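Some notes on the structure that comes next.
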Amino acid sequence: MKRPEVPKLKVGTEKLKKGFAKMQKGGVVMDVTTAEQAKIAEDSGAVAVMALERVPADIRADGGVARMADLSIIQEIMDTVSIPVMAKARIGHFTEAQTLEFLGVDMVDESEVLTPADPFYHIDKHKFTIPFVCGCRNLGEAVRRIWEGAAMMRTKGEAGTGNIVEAVRHQRMVTTMTRKLGELDKNEMHNLTEEYSNSYKKSTEILTGRKVDDSTIVFEEYTYEQIKQGIFEVLEEIKKIQRFPVVNFAAGGIATPADAAMMMQMGSDGVFVGSGIFKSQNPRERAKAIVEAVTHYDEPAIIAKVSKNLGDAMDGIEIETIPPEQRLQERGW
Amino acid sequence: MVNGLSIGVIGIQGAISEHVTTIKNALKKTNTPGNVFVIRHKEKIKEIDALVLPGGESTTISRVLYKTGLHDTILERITEENLPTMGTCAGCILLAKEIIDTAKDVKLLKTMDMQVERNAFGRQKESFEQNIQIKGFAMPYNAVFIRAPAIIKVWGKCRVLAEIDEKIVMVRQENILALSFHPELTDDLRVHEYFLKMIKETKN
């Protein structure tokens, strides 16, 4: 057979990473802790599963340090389902991320649900072949993560609470600020760039005890000036297209079909459901209902139909009852 | 046809807006009057001149297609009216008559004489971009493969348009086009232009 001349293939490109995230759009990614749960998620129409040792509600209840899951659990889940498998690494823990990449997970969630490993920096995600998803509470966090190479964003919400209020807050913060970008002139854009780049500068100043100038290397191999340039470019793009240049999902506190549909109506490209499914009375039915609600997010008749006879949702927690230092969304910067 | 072509993109899950944008760009570039619609209800299928089944998760998409009755409506228009159809990635899987897979949950439309394998090139870390030769295209095409399926074999009326090593990645069977890669993720409009040409040929 005559073979066409083909050049060497390229892997791990930005197009492939962001493209993978695009294939998740309009879908539900479900947290699972066993192969059995993963199968239920797949059968219910999940686009992907997040393989974990404990769901956020249990991590919250147990306390202590939460780390990357035991790899045997992740491997078993990968062997069981044919949909993509994601897994969480601690904020800044690039070795956990390398390990997950080696294992072959399809996407790493650099997640505030786990205990942060680096008090100064997030992972330089450009150094990886597999794509990353990161959480954000506002535009500044999102822009930094996108500049660091995140191929997908999600709201942080307040994971493990079954309370949607923080996810809504974060989505509104992002939407409002994105719209506001459209009104900013060049000078204001530069000021905002300075503000959003500041956390890299601050970390380096704490570490070195010296003032940072534009030529100082402040993160991996990047100077402060290069970072500001990069942040500016991300902001300019968001200003122009009036949305993130990467896929944006809702996460943190989604417990019902209506919760999921509301986040979609607010502009999310899809949803992550953590504790909401397997901490509810009837996971199989709830999982299916949430998938349908995401597909038909703007059709109340369908949301109404799937919201019947689901049994109890997970127990919810009022955010005010959680001491600020125990709020997961405060992790990361 | 008074107002030009009506092209529907199945809007259940995956790279929907990317296909809409790319089709619009291809219509504009080729000076073809037409509109693009996102379809989530079977009633809409009757109103279109051509259909795109986008990439996403084949298990998720096939489940909803089946549940909403879209599956049967699409099948009816393809088999009875030769509705021009393009399937990319997950869409390519759904068009096949046979699948090598463990996931029994994918309900195929079974309209093309081919056998497909899901995730045939591996997981996301093995996803790749590569220049491929497509029959009838003068220049190579940069194809984006994301956890892509492959077409293992074809028979009957199914013609091979592109392959990588022993794996077939693009085929045509009369009015149906199937690709295991993502033409909607690149600025190169040639695949969508090819599809438009196919639609026009059917119309005449």
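Simple scheme: letters A, B, ... for chains in structure tokens order, numbers from 1 for residues in each chain, numbers from 1 for ligands in the order shown.
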Hey, could you make a per-residue contact list for chain B against chain A with 9 Å as the cut-off, showing the nearest pair of atoms and its distance in Å to one decimal, counting only C-alpha atoms, sorted by chain and number, as a Markdown table?
```
| residue | atom | partner | partner_atom | distance |
| --- | --- | --- | --- | --- |
| B:Gly11 | CA | A:Thr295 | CA | 8.6 |
| B:Ile12 | CA | A:Thr295 | CA | 6.0 |
| B:Gln13 | CA | A:Gly26 | CA | 4.6 |
| B:Gly14 | CA | A:Met23 | CA | 4.3 |
| B:Ala15 | CA | A:Met23 | CA | 5.5 |
| B:Ile16 | CA | A:Lys25 | CA | 8.3 |
| B:Glu18 | CA | A:Lys22 | CA | 8.9 |
| B:Arg40 | CA | A:His296 | CA | 8.3 |
| B:Gly55 | CA | A:Met23 | CA | 6.4 |
| B:Gly56 | CA | A:Met23 | CA | 4.4 |
| B:Glu57 | CA | A:Val47 | CA | 5.7 |
| B:Ser58 | CA | A:Val47 | CA | 8.7 |
| B:Thr59 | CA | A:Gly45 | CA | 6.6 |
| B:Thr60 | CA | A:Gly45 | CA | 4.5 |
| B:Ile61 | CA | A:Gly45 | CA | 8.0 |
| B:Arg63 | CA | A:Gly45 | CA | 6.8 |
| B:Val64 | CA | A:Glu292 | CA | 8.0 |
| B:Asp101 | CA | A:Ser82 | CA | 8.9 |
| B:Thr102 | CA | A:Ser82 | CA | 7.8 |
| B:Ala103 | CA | A:Ser82 | CA | 6.8 |
| B:Asp105 | CA | A:Asp43 | CA | 7.0 |
| B:Arg118 | CA | A:Ser82 | CA | 8.4 |
| B:Asn119 | CA | A:Ser82 | CA | 8.2 |
| B:Arg123 | CA | A:Asp106 | CA | 6.4 |
| B:Gln124 | CA | A:Asp106 | CA | 4.9 |
| B:Lys125 | CA | A:Ile130 | CA | 5.3 |
| B:Glu126 | CA | A:Val11 | CA | 6.6 |
| B:Ser127 | CA | A:Val11 | CA | 6.1 |
| B:Phe128 | CA | A:Val11 | CA | 4.6 |
| B:Glu129 | CA | A:Lys10 | CA | 5.1 |
| B:Gln130 | CA | A:Leu9 | CA | 4.8 |
| B:Asn131 | CA | A:Val6 | CA | 6.0 |
| B:Ile132 | CA | A:Val6 | CA | 6.3 |
| B:Gln133 | CA | A:Pro4 | CA | 6.4 |
| B:Pro140 | CA | A:Val6 | CA | 8.6 |
| B:Val144 | CA | A:Leu16 | CA | 7.1 |
| B:Phe145 | CA | A:Leu16 | CA | 7.7 |
| B:Ile146 | CA | A:Phe20 | CA | 6.3 |
| B:Arg147 | CA | A:Phe20 | CA | 8.1 |
| B:Glu163 | CA | A:Pro4 | CA | 8.5 |
| B:Ile164 | CA | A:Pro4 | CA | 8.2 |
| B:Asp165 | CA | A:Arg3 | CA | 7.1 |
| B:His182 | CA | A:Gly19 | CA | 8.9 |
| B:Leu185 | CA | A:Gly19 | CA | 7.0 |
| B:Thr186 | CA | A:Lys15 | CA | 8.6 |
```
May I ask which of the residues B:Ile152, B:Ile48, B:Ile176, B:Ala143 is the closest one to B:Thr111, counting only C-alpha atoms? B:Ile176
Contact residues around A:Glu299 with only C-alpha atoms at 12 Å, ignoring same-chain residues under 5 positions, as a PyMOL selection string: (chain A and resi 257-258+261-262+264-265+292-294+304-306) or (chain B and resi 40-41)
Of the listed residues A:Glu188, A:Glu141, A:Asp315, A:Glu220, that which approaches A:Val174 most closely, counting only C-alpha atoms: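 The answer is A:Glu141, which sits nearest to A:Val174.
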All residues 10 Å or closer to B:Phe195, only C-alpha atoms, same chain fewer than 4 positions away omitted, as a CSV table (one decimal) with C-alpha atoms, in the first residue's frame:
```csv
chain,number,residue,atom,x,y,z
B,23,ILE,CA,-19.9,26.2,8.6
B,26,ALA,CA,-17.3,28.1,4.8
B,50,ALA,CA,-27.9,18.7,5.7
B,52,VAL,CA,-23.6,17.6,11.2
B,84,PRO,CA,-26.3,14.8,3.4
B,85,THR,CA,-24.6,14.2,6.8
B,86,MET,CA,-21.1,14.8,8.2
B,175,ASN,CA,-24.0,11.5,0.8
B,176,ILE,CA,-22.4,10.8,4.1
B,177,LEU,CA,-19.0,11.9,5.2
B,190,ARG,CA,-11.5,22.8,3.2
B,191,VAL,CA,-13.3,19.9,4.9
B,199,ILE,CA,-24.8,19.1,-0.3
B,200,LYS,CA,-25.0,21.1,-3.5
B,201,GLU,CA,-24.4,18.1,-5.6
```
With a distance cut-off of 7 Å and only C-alpha atoms, select the neighbouring residues of B:Cys89, excluding the residue or stretch itself and same-chain residues fewer than 6 positions from it, and output the selection as a ChimeraX atom specification. /B:55,148-149,179-182
Taking only C-alpha atoms into account, name the residue in A:Ser268, A:Gln242, A:Ser307, A:Asn248 that is nearest to A:Met152.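 With only C-alpha atoms as the atom set, the closest residue is A:Asn248.
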With a distance cut-off of 8 Å and only C-alpha atoms, select the neighbouring residues of stretch 49-66 of chain A, excluding the residue or stretch itself and same-chain residues fewer than 2 positions from it, and output the selection as a count of residues only. 31
Please, which residues of stretch 44-246 of chain A, numbered as in this document, come out helix (DSSP H, G or I) from DSSP, as a VMD selection string? chain A and resid 56 to 62 71 to 80 94 to 103 125 to 127 139 to 147 165 to 181 186 to 208 224 to 241
DSSP on the backbone: which residues in stretch 93-153 of chain A end up as strand (DSSP E)? Give the answer as a PyMOL selection string. chain A and resi 107-111+132-136+152-153
Atom-to-atom span, atom CA of A:Gly276 and atom CA of A:Glu330, Å: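 Separation between atom CA of A:Gly276 and atom CA of A:Glu330: 20.9 Å.
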For B:Val160, list every protein, DNA or RNA residue within 8 Å, evaluated using only C-alpha atoms, and leave out those in the same chain fewer than 6 positions away; present the list as an mmCIF file with N, CA, C and O atoms, in the first residue's frame.
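Output file out.cif is given in full below:
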```
data_model
loop_
_atom_site.group_PDB
_atom_site.id
_atom_site.type_symbol
_atom_site.label_atom_id
_atom_site.label_comp_id
_atom_site.auth_asym_id
_atom_site.auth_seq_id
_atom_site.Cartn_x
_atom_site.Cartn_y
_atom_site.Cartn_z
ATOM 1 N N VAL B 154 -13.652 -0.943 5.879
ATOM 2 C CA VAL B 154 -14.842 -0.488 5.160
ATOM 3 C C VAL B 154 -15.245 -1.559 4.152
ATOM 4 O O VAL B 154 -14.435 -2.389 3.757
ATOM 5 N N ILE B 168 -7.827 4.035 8.930
ATOM 6 C CA ILE B 168 -8.593 4.939 8.077
ATOM 7 C C ILE B 168 -9.159 6.054 8.953
ATOM 8 O O ILE B 168 -9.676 5.799 10.043
ATOM 9 N N MET B 170 -10.835 9.052 7.336
ATOM 10 C CA MET B 170 -11.892 9.815 6.657
ATOM 11 C C MET B 170 -12.491 8.965 5.545
ATOM 12 O O MET B 170 -11.756 8.367 4.771
ATOM 13 N N VAL B 171 -13.822 8.912 5.502
ATOM 14 C CA VAL B 171 -14.505 8.115 4.485
ATOM 15 C C VAL B 171 -15.735 8.841 3.965
ATOM 16 O O VAL B 171 -16.254 9.775 4.604
ATOM 17 N N ARG B 172 -16.187 8.387 2.795
ATOM 18 C CA ARG B 172 -17.441 8.911 2.255
ATOM 19 C C ARG B 172 -18.252 7.756 1.703
ATOM 20 O O ARG B 172 -17.714 6.867 1.050
#
```
Any idea what the distance is between atom CA of B:Gly91 and atom CA of B:Leu53?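 According to the coordinates, atom CA of B:Gly91 and atom CA of B:Leu53 are separated by 4.6 Å.
Between atom CA of B:Lys135 and atom CA of B:Glu184 the interatomic distance comes to 19.0 Å.
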Using only C-alpha atoms, which of the listed residues (A:Ile254, A:Phe249, A:Val234, A:Ile227) sits closest to A:Cys136?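 Going through A:Ile254, A:Phe249, A:Val234, A:Ile227 one by one, the smallest distance to A:Cys136 is for A:Phe249.
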